[in-house]
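S.K.: What follows is a single structure, and I will ask about it in a moment.
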Amino acid sequence: MVHALESIHHLLTPAGRLIDIHPFAEAPMIEVHQGGRRTFSEPVPAYAVEDIQHAEQALAHTVENGFFAVERARAFQFRTYAFSVAELTGFLAEQGSFAGGPPGEDVSAQAAQYEEMAAHVEQLMQAAGEGTEVVLHERAHIIMLAALARVPR
Amino acid sequence: MVDFRGRRVLEIGCGDGRLTWRYAERAAQVTAIDPSADAIPAAKENLPENLRGRVEFHNVALDDFATASGPSLFDLAILSWSL
């Protein structure tokens with residue numbers, strides 16, 4: 001990840017900027033929304049929090065080593081809506097968000113917890129009927145970094 | 001937070017381009033890359049007509065792209081959920 005950030009620095013003009021958007025290093029919430037009301041909310045089990053921590057460490061490392069300087073940063077809430085748990089699970093798997101691989105392939109206790117929760121959410125949605133959505137609710141950072149003078153590569 | 005006007009933008013991990021379309025109209029030129037072979041054809045297919053000619057999508061990893069490119073090509077780089 002540090003190498004990737006150094007490559008980006010190489011590609012930027014001397015006055016260039018890097019915008020990094022990444023989630024907080026915490027499990028996001030899976031929520032069920034019905035008619036604008038939240039009826040269920042629990043953290044996603046088996047979420048790959050360590051990957052986010054590694055990304056944050058890499059970013060901090062490149063700042064410490066003079067590639068970039070943080071100009072601005074702010075936090076925001078980000079919600080991804082899906083019509084079904086299967087759709088949301090597919091989205092998370094595609095993003096590489098599961099610590100031990102996609103449910104079904106991962107045999108860890110955390111993956112089993114995810115599958116149990118997914119089944120519960122599916123039941124809630126079926127019982128609630130039309131107009132019910134499952135929502136992934138994340139807290140995220142947006143950070144603007146200024147590329148600093150070239151560091152010998 | 002970000003002024004895209006007149007900027008040459010590199011978007012890393014563009015996926016199917018859902019973020020690209022939101023800012024590309026304001027940028028001078030956008031190069032959007034993603035290592036996923038599935039994502040780029042979808043991004044190209046879904047690109048609005050008015051952005052064709054301004055946005056290029058490439059199925060390539062950052063490392064390979066950086067190796068093949070010269071320095072100082074972009075004013076702005078975007079990493080969205082992709083570091």
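In the structure tokens, each chain is lettered A, B, ... as it comes, each chain's residues begin at 1, and ligands are numbered from 1 in order of appearance.
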Which residues of chain A come within 8 Å of chain B, and for each one, what is the closest pair of atoms and their distance in Å to one decimal, counting only C-alpha atoms, sorted by chain and residue number, as a tab-separated table?

M.R.:
residue	atom	partner	partner_atom	distance
A:Met1	CA	B:Leu83	CA	6.7
A:Ala4	CA	B:Asp63	CA	6.8
A:Ser7	CA	B:Ala66	CA	6.0
A:Ile8	CA	B:Ala77	CA	7.2
A:His10	CA	B:Pro71	CA	5.3
A:Leu11	CA	B:Pro71	CA	4.8
A:Leu12	CA	B:Ser72	CA	4.5
A:Thr13	CA	B:Ser72	CA	4.0
A:Pro14	CA	B:Ser72	CA	7.0
A:Ala15	CA	B:Asp75	CA	7.1
A:Gly16	CA	B:Asp75	CA	4.5
A:Arg17	CA	B:Leu76	CA	4.8
A:Leu18	CA	B:Ala77	CA	4.7
A:Ile19	CA	B:Ile78	CA	4.8
A:Asp20	CA	B:Leu79	CA	4.7
A:Ile21	CA	B:Ser80	CA	4.7
A:His22	CA	B:Trp81	CA	4.9
A:Pro23	CA	B:Trp81	CA	7.2
A:Ala55	CA	B:Leu83	CA	5.9

S.K.: Quick one: pick out all helix (DSSP H, G or I) residues within chain B from a backbone DSSP run and write them as an NGL selection string.

M.R.: :B and (20-23 or 39-46 or 49-51 or 62-68)

S.K.: Quick one, how far is CA of His3 (chain A) from CA of Asn59 (chain B)?

M.R.: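 It comes out at 19.5 Å.
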
S.K.: By how many Å are CA of Phe24 (chain A) and CA of His141 (chain A) apart?

M.R.: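 If I compute the distance from CA of Phe24 (chain A) to CA of His141 (chain A), I get 6.8 Å.
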
S.K.: Name the residues of region 34-126 of chain A that come out as strand (DSSP E) in a backbone DSSP run; write them as a ChimeraX atom specification.

M.R.: /A:34,37-43,68-82

S.K.: Mind dumping the selected residues with N, CA and C atoms as a PDB file, in the first residue's frame?

M.R.:
ATOM      1  N   GLN A  34     -37.635   0.350   6.908  1.00  0.00           N
ATOM      2  CA  GLN A  34     -38.989   0.147   6.384  1.00  0.00           C
ATOM      3  C   GLN A  34     -39.776   1.434   6.563  1.00  0.00           C
ATOM      4  N   ARG A  37     -38.144   4.111   8.476  1.00  0.00           N
ATOM      5  CA  ARG A  37     -37.822   3.802   9.880  1.00  0.00           C
ATOM      6  C   ARG A  37     -36.807   2.666   9.929  1.00  0.00           C
ATOM      7  N   ARG A  38     -35.826   2.787  10.845  1.00  0.00           N
ATOM      8  CA  ARG A  38     -34.828   1.722  10.997  1.00  0.00           C
ATOM      9  C   ARG A  38     -35.361   0.687  11.981  1.00  0.00           C
ATOM     10  N   THR A  39     -35.481  -0.548  11.524  1.00  0.00           N
ATOM     11  CA  THR A  39     -36.075  -1.582  12.379  1.00  0.00           C
ATOM     12  C   THR A  39     -35.053  -2.612  12.865  1.00  0.00           C
ATOM     13  N   PHE A  40     -33.829  -2.529  12.325  1.00  0.00           N
ATOM     14  CA  PHE A  40     -32.780  -3.481  12.727  1.00  0.00           C
ATOM     15  C   PHE A  40     -31.439  -2.816  12.475  1.00  0.00           C
ATOM     16  N   SER A  41     -30.489  -3.055  13.387  1.00  0.00           N
ATOM     17  CA  SER A  41     -29.150  -2.488  13.195  1.00  0.00           C
ATOM     18  C   SER A  41     -28.133  -3.305  13.991  1.00  0.00           C
ATOM     19  N   GLU A  42     -27.186  -3.897  13.273  1.00  0.00           N
ATOM     20  CA  GLU A  42     -26.112  -4.665  13.943  1.00  0.00           C
ATOM     21  C   GLU A  42     -24.830  -4.563  13.130  1.00  0.00           C
ATOM     22  N   PRO A  43     -23.672  -4.613  13.807  1.00  0.00           N
ATOM     23  CA  PRO A  43     -22.411  -4.560  13.051  1.00  0.00           C
ATOM     24  C   PRO A  43     -22.203  -5.816  12.200  1.00  0.00           C
ATOM     25  N   PHE A  68       3.425  13.278   1.161  1.00  0.00           N
ATOM     26  CA  PHE A  68       2.170  14.035   1.171  1.00  0.00           C
ATOM     27  C   PHE A  68       2.010  14.773   2.494  1.00  0.00           C
ATOM     28  N   ALA A  69       1.205  15.842   2.442  1.00  0.00           N
ATOM     29  CA  ALA A  69       0.798  16.522   3.674  1.00  0.00           C
ATOM     30  C   ALA A  69      -0.725  16.586   3.692  1.00  0.00           C
ATOM     31  N   VAL A  70      -1.313  16.320   4.823  1.00  0.00           N
ATOM     32  CA  VAL A  70      -2.776  16.366   4.923  1.00  0.00           C
ATOM     33  C   VAL A  70      -3.220  17.828   4.925  1.00  0.00           C
ATOM     34  N   GLU A  71      -4.086  18.173   3.982  1.00  0.00           N
ATOM     35  CA  GLU A  71      -4.599  19.551   3.918  1.00  0.00           C
ATOM     36  C   GLU A  71      -5.941  19.678   4.629  1.00  0.00           C
ATOM     37  N   ARG A  72      -6.824  18.740   4.327  1.00  0.00           N
ATOM     38  CA  ARG A  72      -8.156  18.780   4.922  1.00  0.00           C
ATOM     39  C   ARG A  72      -8.659  17.357   5.122  1.00  0.00           C
ATOM     40  N   ALA A  73      -9.478  17.189   6.112  1.00  0.00           N
ATOM     41  CA  ALA A  73     -10.078  15.870   6.343  1.00  0.00           C
ATOM     42  C   ALA A  73     -11.428  16.068   7.012  1.00  0.00           C
ATOM     43  N   ARG A  74     -12.358  15.253   6.663  1.00  0.00           N
ATOM     44  CA  ARG A  74     -13.633  15.288   7.376  1.00  0.00           C
ATOM     45  C   ARG A  74     -14.292  13.907   7.321  1.00  0.00           C
ATOM     46  N   ALA A  75     -15.199  13.716   8.243  1.00  0.00           N
ATOM     47  CA  ALA A  75     -15.911  12.429   8.324  1.00  0.00           C
ATOM     48  C   ALA A  75     -17.317  12.601   7.756  1.00  0.00           C
ATOM     49  N   PHE A  76     -17.840  11.523   7.228  1.00  0.00           N
ATOM     50  CA  PHE A  76     -19.224  11.561   6.745  1.00  0.00           C
ATOM     51  C   PHE A  76     -19.845  10.170   6.869  1.00  0.00           C
ATOM     52  N   GLN A  77     -21.144  10.125   6.733  1.00  0.00           N
ATOM     53  CA  GLN A  77     -21.886   8.850   6.800  1.00  0.00           C
ATOM     54  C   GLN A  77     -22.170   8.403   5.375  1.00  0.00           C
ATOM     55  N   PHE A  78     -22.005   7.114   5.111  1.00  0.00           N
ATOM     56  CA  PHE A  78     -22.231   6.599   3.760  1.00  0.00           C
ATOM     57  C   PHE A  78     -23.147   5.381   3.843  1.00  0.00           C
ATOM     58  N   ARG A  79     -24.192   5.413   3.049  1.00  0.00           N
ATOM     59  CA  ARG A  79     -25.158   4.305   3.086  1.00  0.00           C
ATOM     60  C   ARG A  79     -25.290   3.671   1.704  1.00  0.00           C
ATOM     61  N   THR A  80     -25.235   2.359   1.680  1.00  0.00           N
ATOM     62  CA  THR A  80     -25.424   1.589   0.447  1.00  0.00           C
ATOM     63  C   THR A  80     -26.720   0.806   0.598  1.00  0.00           C
ATOM     64  N   TYR A  81     -27.661   1.042  -0.305  1.00  0.00           N
ATOM     65  CA  TYR A  81     -28.981   0.408  -0.215  1.00  0.00           C
ATOM     66  C   TYR A  81     -29.046  -0.816  -1.131  1.00  0.00           C
ATOM     67  N   ALA A  82     -29.706  -1.861  -0.643  1.00  0.00           N
ATOM     68  CA  ALA A  82     -29.900  -3.068  -1.453  1.00  0.00           C
ATOM     69  C   ALA A  82     -31.333  -3.566  -1.249  1.00  0.00           C
TER      70      ALA A  82
END

S.K.: Using Å and a single decimal, report how far CA of Met144 (chain A) sits from CA of Tyr23 (chain B).

M.R.: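 Pair CA of Tyr23 (chain B) / CA of Met144 (chain A) returns 15.8 Å.
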